[in-house]
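Structure data (CSV, N, CA and C atoms) from start-v9.csv:
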```csv
chain,number,residue,atom,x,y,z
A,371,MET,N,112.4,93.3,79.4
A,371,MET,CA,111.8,93.3,80.7
A,371,MET,C,112.6,92.4,81.6
A,372,GLY,N,112.8,92.9,82.8
A,372,GLY,CA,113.6,92.2,83.8
A,372,GLY,C,112.9,91.1,84.5
A,373,GLU,N,113.6,90.5,85.4
A,373,GLU,CA,113.0,89.4,86.2
A,373,GLU,C,111.8,89.9,87.1
A,374,PRO,N,110.8,89.1,87.3
A,374,PRO,CA,109.7,89.5,88.2
A,374,PRO,C,110.2,89.6,89.6
A,375,LEU,N,109.6,90.5,90.4
A,375,LEU,CA,110.0,90.6,91.8
A,375,LEU,C,109.6,89.3,92.5
A,376,LYS,N,110.5,89.0,93.4
A,376,LYS,CA,110.3,87.8,94.2
A,376,LYS,C,110.1,88.1,95.7
A,377,THR,N,110.7,89.3,96.1
A,377,THR,CA,110.6,89.7,97.5
A,377,THR,C,110.4,91.2,97.6
A,378,VAL,N,109.5,91.7,98.5
A,378,VAL,CA,109.4,93.1,98.7
A,378,VAL,C,109.5,93.3,100.2
A,379,THR,N,110.3,94.3,100.6
A,379,THR,CA,110.5,94.6,102.0
A,379,THR,C,109.8,95.9,102.3
A,380,ILE,N,108.9,96.0,103.3
A,380,ILE,CA,108.2,97.2,103.7
A,380,ILE,C,108.7,97.6,105.0
A,381,VAL,N,109.2,98.8,105.2
A,381,VAL,CA,109.7,99.4,106.4
A,381,VAL,C,108.6,100.3,107.0
A,382,GLY,N,108.1,100.0,108.2
A,382,GLY,CA,107.1,100.8,108.8
A,382,GLY,C,106.1,99.9,109.5
A,383,GLY,N,105.0,100.5,109.9
A,383,GLY,CA,104.0,99.7,110.6
A,383,GLY,C,102.7,100.3,110.6
A,384,GLY,N,101.8,99.7,111.3
A,384,GLY,CA,100.4,100.3,111.3
A,384,GLY,C,99.5,99.7,110.3
A,385,THR,N,98.3,100.1,110.4
A,385,THR,CA,97.2,99.5,109.5
A,385,THR,C,97.5,99.7,108.0
A,386,ALA,N,97.9,100.8,107.6
A,386,ALA,CA,98.2,101.1,106.2
A,386,ALA,C,99.3,100.2,105.7
A,387,VAL,N,100.3,100.0,106.4
A,387,VAL,CA,101.5,99.1,106.0
A,387,VAL,C,101.0,97.7,106.0
A,388,TRP,N,100.3,97.2,107.0
A,388,TRP,CA,99.8,95.8,107.1
A,388,TRP,C,98.9,95.5,105.9
A,389,LEU,N,98.0,96.5,105.6
A,389,LEU,CA,97.1,96.2,104.5
A,389,LEU,C,97.8,96.2,103.1
A,390,THR,N,98.8,97.1,103.0
A,390,THR,CA,99.7,97.1,101.8
A,390,THR,C,100.3,95.7,101.6
A,391,ALA,N,100.9,95.2,102.7
A,391,ALA,CA,101.6,93.9,102.6
A,391,ALA,C,100.6,92.8,102.2
A,392,VAL,N,99.4,92.8,102.8
A,392,VAL,CA,98.4,91.8,102.5
A,392,VAL,C,98.0,92.0,101.0
A,393,MET,N,97.8,93.2,100.6
A,393,MET,CA,97.3,93.5,99.2
A,393,MET,C,98.4,93.0,98.2
A,394,LEU,N,99.7,93.3,98.5
A,394,LEU,CA,100.7,92.9,97.6
A,394,LEU,C,100.7,91.3,97.5
A,395,ARG,N,100.7,90.7,98.6
A,395,ARG,CA,100.7,89.2,98.6
A,395,ARG,C,99.5,88.6,97.9
A,396,THR,N,98.3,89.2,98.2
A,396,THR,CA,97.1,88.7,97.6
A,396,THR,C,97.1,88.9,96.1
A,397,LEU,N,97.4,90.1,95.7
A,397,LEU,CA,97.3,90.4,94.2
A,397,LEU,C,98.4,89.7,93.4
A,398,SER,N,99.5,89.3,94.1
A,398,SER,CA,100.5,88.6,93.4
A,398,SER,C,100.2,87.1,93.3
A,399,GLU,N,99.0,86.7,93.8
A,399,GLU,CA,98.6,85.3,93.9
A,399,GLU,C,99.6,84.5,94.7
A,400,LYS,N,100.1,85.2,95.8
A,400,LYS,CA,101.0,84.6,96.8
A,400,LYS,C,102.3,84.1,96.2
A,401,SER,N,102.7,84.7,95.0
A,401,SER,CA,104.0,84.3,94.5
A,401,SER,C,105.1,85.3,95.0
A,402,LEU,N,104.6,86.4,95.6
A,402,LEU,CA,105.6,87.4,96.1
A,402,LEU,C,105.8,87.2,97.6
A,403,LYS,N,107.0,87.2,98.0
A,403,LYS,CA,107.4,87.2,99.4
A,403,LYS,C,107.4,88.6,100.0
A,404,VAL,N,106.6,88.9,101.0
A,404,VAL,CA,106.5,90.2,101.6
A,404,VAL,C,107.1,90.2,103.0
A,405,GLN,N,108.1,91.0,103.2
A,405,GLN,CA,108.7,91.1,104.6
A,405,GLN,C,108.3,92.5,105.2
A,406,LEU,N,108.0,92.5,106.4
A,406,LEU,CA,107.7,93.7,107.2
A,406,LEU,C,108.8,94.0,108.2
A,407,ILE,N,109.3,95.2,108.3
A,407,ILE,CA,110.3,95.6,109.3
A,407,ILE,C,109.6,96.7,110.1
A,408,GLU,N,109.3,96.4,111.4
A,408,GLU,CA,108.7,97.3,112.2
A,408,GLU,C,109.5,97.6,113.5
A,409,SER,N,109.4,98.7,114.0
A,409,SER,CA,110.2,99.0,115.3
A,409,SER,C,109.3,98.7,116.5
A,410,PRO,N,109.8,97.9,117.4
A,410,PRO,CA,109.1,97.6,118.6
A,410,PRO,C,109.0,98.8,119.6
A,411,ASN,N,109.8,99.8,119.3
A,411,ASN,CA,109.9,101.0,120.1
A,411,ASN,C,108.9,102.2,119.7
A,412,ILE,N,108.3,102.0,118.6
A,412,ILE,CA,107.4,103.1,118.2
A,412,ILE,C,105.9,102.6,118.4
A,413,PRO,N,105.2,103.4,119.3
A,413,PRO,CA,103.8,103.0,119.6
A,413,PRO,C,102.9,103.2,118.4
A,414,THR,N,101.7,102.5,118.5
A,414,THR,CA,100.7,102.7,117.5
A,414,THR,C,100.1,104.0,117.6
A,415,VAL,N,99.9,104.7,116.5
A,415,VAL,CA,99.3,106.0,116.5
A,415,VAL,C,97.8,105.9,116.6
A,416,GLY,N,97.2,105.0,115.9
A,416,GLY,CA,95.7,104.8,116.1
A,416,GLY,C,94.9,106.0,115.5
A,417,VAL,N,95.3,106.5,114.3
A,417,VAL,CA,94.6,107.6,113.7
A,417,VAL,C,93.4,107.2,112.9
A,418,GLY,N,93.1,105.9,112.7
A,418,GLY,CA,92.0,105.5,112.0
A,418,GLY,C,92.1,105.6,110.5
A,419,GLU,N,93.3,105.5,109.9
A,419,GLU,CA,93.4,105.7,108.5
A,419,GLU,C,92.8,104.6,107.7
A,420,ALA,N,92.4,103.5,108.3
A,420,ALA,CA,91.9,102.4,107.5
A,420,ALA,C,90.4,102.1,107.8
A,421,THR,N,89.8,103.0,108.5
A,421,THR,CA,88.4,102.8,108.9
A,421,THR,C,87.4,103.6,108.1
A,422,VAL,N,87.8,104.1,107.0
A,422,VAL,CA,86.9,105.0,106.1
A,422,VAL,C,85.9,104.0,105.5
A,423,PRO,N,84.8,104.6,104.9
A,423,PRO,CA,83.8,103.8,104.3
A,423,PRO,C,84.2,102.8,103.2
A,424,GLN,N,85.4,103.0,102.6
A,424,GLN,CA,85.8,102.1,101.6
A,424,GLN,C,86.4,100.8,102.2
A,425,MET,N,86.6,100.7,103.5
A,425,MET,CA,87.2,99.6,104.1
A,425,MET,C,86.5,98.2,103.8
A,426,PRO,N,85.2,98.1,103.8
A,426,PRO,CA,84.6,96.8,103.5
A,426,PRO,C,85.0,96.3,102.1
A,427,MET,N,85.0,97.2,101.1
A,427,MET,CA,85.4,96.8,99.7
A,427,MET,C,86.9,96.3,99.7
A,428,THR,N,87.7,97.0,100.5
A,428,THR,CA,89.1,96.6,100.5
A,428,THR,C,89.3,95.2,101.2
A,429,LEU,N,88.6,95.0,102.3
A,429,LEU,CA,88.7,93.7,103.0
A,429,LEU,C,88.1,92.6,102.1
A,430,ASN,N,87.0,92.9,101.5
A,430,ASN,CA,86.4,91.9,100.6
A,430,ASN,C,87.3,91.5,99.5
A,431,MET,N,88.0,92.5,98.9
A,431,MET,CA,89.0,92.2,97.8
A,431,MET,C,90.1,91.3,98.3
A,432,LEU,N,90.5,91.5,99.6
A,432,LEU,CA,91.5,90.7,100.2
A,432,LEU,C,91.0,89.4,100.8
A,433,LYS,N,89.7,89.1,100.7
A,433,LYS,CA,89.1,87.9,101.2
A,433,LYS,C,89.3,87.8,102.7
A,434,ILE,N,89.2,89.0,103.4
A,434,ILE,CA,89.3,89.0,104.8
A,434,ILE,C,87.9,89.4,105.4
A,435,PRO,N,87.4,88.5,106.3
A,435,PRO,CA,86.0,88.8,106.8
A,435,PRO,C,86.0,90.0,107.7
A,436,MET,N,85.2,91.0,107.2
A,436,MET,CA,85.2,92.3,107.9
A,436,MET,C,84.8,92.1,109.4
A,437,HIS,N,83.8,91.3,109.7
A,437,HIS,CA,83.4,91.1,111.1
A,437,HIS,C,84.5,90.6,112.0
A,438,ALA,N,85.4,89.7,111.4
A,438,ALA,CA,86.5,89.2,112.2
A,438,ALA,C,87.5,90.3,112.5
A,439,VAL,N,87.8,91.1,111.5
A,439,VAL,CA,88.8,92.2,111.8
A,439,VAL,C,88.3,93.2,112.8
A,440,PHE,N,87.0,93.6,112.7
A,440,PHE,CA,86.5,94.5,113.6
A,440,PHE,C,86.4,94.0,115.0
A,441,ARG,N,86.0,92.7,115.1
A,441,ARG,CA,85.9,92.1,116.5
A,441,ARG,C,87.3,92.0,117.1
A,442,ARG,N,88.2,91.5,116.3
A,442,ARG,CA,89.6,91.3,116.8
A,442,ARG,C,90.3,92.6,117.2
A,443,CYS,N,90.1,93.6,116.4
A,443,CYS,CA,90.8,94.9,116.6
A,443,CYS,C,90.0,95.9,117.4
A,444,ASN,N,88.7,95.5,117.8
A,444,ASN,CA,87.9,96.5,118.5
A,444,ASN,C,87.8,97.8,117.7
A,445,ALA,N,87.5,97.6,116.4
A,445,ALA,CA,87.5,98.7,115.4
A,445,ALA,C,86.1,99.3,115.2
A,446,SER,N,86.1,100.5,114.6
A,446,SER,CA,84.8,101.1,114.2
A,446,SER,C,85.1,101.9,112.9
A,447,PHE,N,84.0,102.2,112.2
A,447,PHE,CA,84.2,102.9,111.0
A,447,PHE,C,84.3,104.4,111.3
A,448,LYS,N,85.1,105.1,110.5
A,448,LYS,CA,85.3,106.5,110.6
A,448,LYS,C,84.6,107.1,109.4
A,449,LEU,N,83.5,107.8,109.7
A,449,LEU,CA,82.7,108.4,108.6
A,449,LEU,C,83.0,109.9,108.4
A,450,GLY,N,83.9,110.4,109.2
A,450,GLY,CA,84.2,111.8,109.1
A,450,GLY,C,85.2,112.3,110.1
A,451,GLU,N,85.6,113.5,110.1
A,451,GLU,CA,86.5,114.0,111.1
A,451,GLU,C,86.1,115.4,111.5
A,452,LEU,N,86.1,115.7,112.8
A,452,LEU,CA,85.7,117.0,113.3
A,452,LEU,C,87.0,117.8,113.6
A,453,PHE,N,87.1,118.9,113.0
A,453,PHE,CA,88.2,119.8,113.3
A,453,PHE,C,87.7,120.9,114.2
A,454,ARG,N,88.1,120.9,115.4
A,454,ARG,CA,87.6,121.9,116.4
A,454,ARG,C,88.3,123.2,116.2
A,455,ASP,N,87.6,124.3,116.3
A,455,ASP,CA,88.2,125.7,116.1
A,455,ASP,C,89.0,125.8,114.9
A,456,ARG,N,88.6,125.2,113.8
A,456,ARG,CA,89.3,125.2,112.6
A,456,ARG,C,89.5,126.5,111.9
A,457,SER,N,88.5,127.3,111.9
A,457,SER,CA,88.5,128.6,111.3
A,457,SER,C,87.6,129.6,112.1
A,458,THR,N,87.4,130.8,111.5
A,458,THR,CA,86.6,131.8,112.2
A,458,THR,C,85.5,132.2,111.2
A,459,ASP,N,84.4,132.6,111.9
A,459,ASP,CA,83.2,133.1,111.1
A,459,ASP,C,83.4,134.6,110.8
A,460,ALA,N,82.4,135.2,110.2
A,460,ALA,CA,82.5,136.6,109.8
A,460,ALA,C,82.7,137.5,111.0
A,461,ASP,N,82.3,137.0,112.2
A,461,ASP,CA,82.5,137.9,113.5
A,461,ASP,C,83.8,137.6,114.2
A,462,GLY,N,84.6,136.7,113.6
A,462,GLY,CA,85.9,136.3,114.2
A,462,GLY,C,85.8,135.2,115.3
A,463,LYS,N,84.6,134.6,115.4
A,463,LYS,CA,84.4,133.6,116.4
A,463,LYS,C,84.9,132.3,115.8
A,464,LEU,N,85.6,131.5,116.7
A,464,LEU,CA,86.1,130.2,116.2
A,464,LEU,C,85.0,129.2,115.9
A,465,VAL,N,85.1,128.5,114.8
A,465,VAL,CA,84.0,127.5,114.4
A,465,VAL,C,84.7,126.2,114.1
A,466,ASN,N,83.9,125.2,114.2
A,466,ASN,CA,84.3,123.8,113.9
A,466,ASN,C,84.0,123.5,112.5
A,467,HIS,N,84.7,122.5,112.0
A,467,HIS,CA,84.5,122.0,110.6
A,467,HIS,C,84.4,120.5,110.6
A,468,LEU,N,83.3,120.0,110.1
A,468,LEU,CA,83.1,118.5,110.0
A,468,LEU,C,83.3,118.1,108.6
A,469,HIS,N,84.4,117.3,108.4
A,469,HIS,CA,84.7,116.8,107.0
A,469,HIS,C,84.2,115.3,106.9
A,470,ALA,N,83.2,115.1,106.1
A,470,ALA,CA,82.6,113.8,105.9
A,470,ALA,C,83.4,113.1,104.8
A,471,PHE,N,83.6,111.8,105.0
A,471,PHE,CA,84.3,111.0,104.0
A,471,PHE,C,83.3,110.4,103.1
A,472,GLY,N,83.3,110.8,101.8
A,472,GLY,CA,82.3,110.4,100.8
A,472,GLY,C,81.2,111.5,100.8
A,473,ARG,N,80.4,111.3,99.8
A,473,ARG,CA,79.2,112.1,99.7
A,473,ARG,C,78.2,111.8,100.8
A,474,PRO,N,77.5,112.8,101.4
A,474,PRO,CA,76.6,112.6,102.5
A,474,PRO,C,75.6,111.5,102.2
A,475,LEU,N,75.0,111.5,101.0
A,475,LEU,CA,74.0,110.5,100.7
A,475,LEU,C,74.6,109.1,100.6
A,476,GLN,N,75.8,109.0,100.1
A,476,GLN,CA,76.5,107.7,100.1
A,476,GLN,C,76.8,107.2,101.5
A,477,VAL,N,77.3,108.1,102.3
A,477,VAL,CA,77.6,107.7,103.7
A,477,VAL,C,76.3,107.3,104.4
A,478,ALA,N,75.2,108.1,104.2
A,478,ALA,CA,73.9,107.7,104.9
A,478,ALA,C,73.4,106.4,104.4
A,479,ALA,N,73.5,106.1,103.1
A,479,ALA,CA,73.1,104.8,102.5
A,479,ALA,C,73.9,103.7,103.1
A,480,TRP,N,75.2,103.9,103.3
A,480,TRP,CA,76.1,102.9,103.9
A,480,TRP,C,75.7,102.6,105.3
A,481,ILE,N,75.4,103.7,106.1
A,481,ILE,CA,75.0,103.5,107.5
A,481,ILE,C,73.7,102.7,107.6
A,482,VAL,N,72.7,103.0,106.7
A,482,VAL,CA,71.5,102.3,106.7
A,482,VAL,C,71.7,100.8,106.4
A,483,ALA,N,72.5,100.6,105.3
A,483,ALA,CA,72.7,99.2,104.9
A,483,ALA,C,73.5,98.4,106.0
A,484,THR,N,74.5,99.0,106.6
A,484,THR,CA,75.3,98.3,107.6
A,484,THR,C,74.4,98.0,108.8
A,485,THR,N,73.6,99.0,109.2
A,485,THR,CA,72.8,98.8,110.4
A,485,THR,C,71.7,97.8,110.1
A,486,THR,N,71.2,97.7,108.9
A,486,THR,CA,70.2,96.7,108.6
A,486,THR,C,70.8,95.3,108.7
A,487,ARG,N,72.0,95.2,108.1
A,487,ARG,CA,72.6,93.9,108.1
A,487,ARG,C,72.9,93.5,109.6
A,488,PHE,N,73.4,94.4,110.4
A,488,PHE,CA,73.7,94.2,111.8
A,488,PHE,C,72.5,93.7,112.5
A,489,LEU,N,71.4,94.4,112.4
A,489,LEU,CA,70.1,94.1,113.1
A,489,LEU,C,69.6,92.7,112.6
A,490,ASP,N,69.7,92.4,111.3
A,490,ASP,CA,69.3,91.1,110.8
A,490,ASP,C,70.2,90.0,111.5
A,491,ARG,N,71.5,90.2,111.5
A,491,ARG,CA,72.3,89.2,112.2
A,491,ARG,C,72.1,89.0,113.6
A,492,ALA,N,71.8,90.2,114.3
A,492,ALA,CA,71.5,90.1,115.7
A,492,ALA,C,70.2,89.4,116.0
A,493,GLN,N,69.2,89.6,115.2
A,493,GLN,CA,68.0,88.9,115.3
A,493,GLN,C,68.1,87.4,115.1
A,494,ARG,N,68.9,87.0,114.1
A,494,ARG,CA,69.2,85.6,113.9
A,494,ARG,C,69.9,85.0,115.1
A,495,TRP,N,70.9,85.7,115.6
A,495,TRP,CA,71.7,85.2,116.7
A,495,TRP,C,70.8,85.0,118.0
A,496,VAL,N,69.9,86.0,118.2
A,496,VAL,CA,69.0,85.9,119.4
A,496,VAL,C,68.1,84.7,119.2
A,497,ARG,N,67.7,84.4,118.0
A,497,ARG,CA,66.8,83.2,117.7
A,497,ARG,C,67.6,81.9,117.7
A,498,GLY,N,68.9,82.0,117.9
A,498,GLY,CA,69.7,80.8,117.9
A,498,GLY,C,70.2,80.3,116.5
A,499,ALA,N,69.9,81.1,115.5
A,499,ALA,CA,70.4,80.7,114.2
A,499,ALA,C,71.8,81.3,114.0
A,500,SER,N,72.6,80.7,113.1
A,500,SER,CA,74.0,81.2,112.9
A,500,SER,C,74.0,82.3,111.8
```
In structure tokens, what does this structure look like?
Amino acid sequence: MGEPLKTVTIVGGGTAVWLTAVMLRTLSEKSLKVQLIESPNIPTVGVGEATVPQMPMTLNMLKIPMHAVFRRCNASFKLGELFRDRSTDADGKLVNHLHAFGRPLQVAAWIVATTTRFLDRAQRWVRGAS
């Protein structure tokens, strides 16, 4: 077996690359040096690749407070994607397709749980509690 990796260089940018860098660093117990090379000339795409329902689990694993990330990035969760005029029906009319991320009941349960936590925190904040 060879020497353990000491440095990893990632070329690219955006949410997926940044999370990969943090994940490598965290999972290596900070023994790995991670370098990012990004182009200042390529704008952010903003496709929402990291806002799927699994994001809270990922942030928790990385010990990153979800509320801080969402507040700082003005983020929102992406629970599905609408493809307009994706295909045609039996009469040849264009129809849309909604692709949900996860099983509908899991997504619904996540929405209920998240909303409940949000409302609880909002009530405590209104009452002056932290």
Long-range neighbours of Gly382 of chain A as a ChimeraX atom specification, 8 Å cut-off, only C-alpha atoms, 3 positions minimum in chain:
/A:387,406-409
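Nearest-residue note for Gly450 of chain A: choosing from A:Ile412, A:Asn466, A:Phe471, A:Gly372, the minimum distance belongs to A:Phe471, counting only C-alpha atoms.
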For Phe453 of chain A, find every residue with an atom within 7 Å (counting all atoms listed in the file), except residues of its own chain fewer than 2 positions away, and show them as an MDAnalysis selection string.
chainID A and resid 451 455:457 465:469
Which of segment 393-465 of chain A fall in alpha helix (DSSP H), as number ranges by chain:
A: 393-397, 425-431, 436-443
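For the pair atom CA of Pro374 of chain A and atom CA of Thr390 of chain A, the interatomic distance is 18.5 Å.
From atom CA of Lys376 of chain A back to atom CA of Arg395 of chain A, the distance works out to 10.7 Å.
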note - atom N of Pro413 of chain A and atom C of Val381 of chain A are separated by 13.1 Å
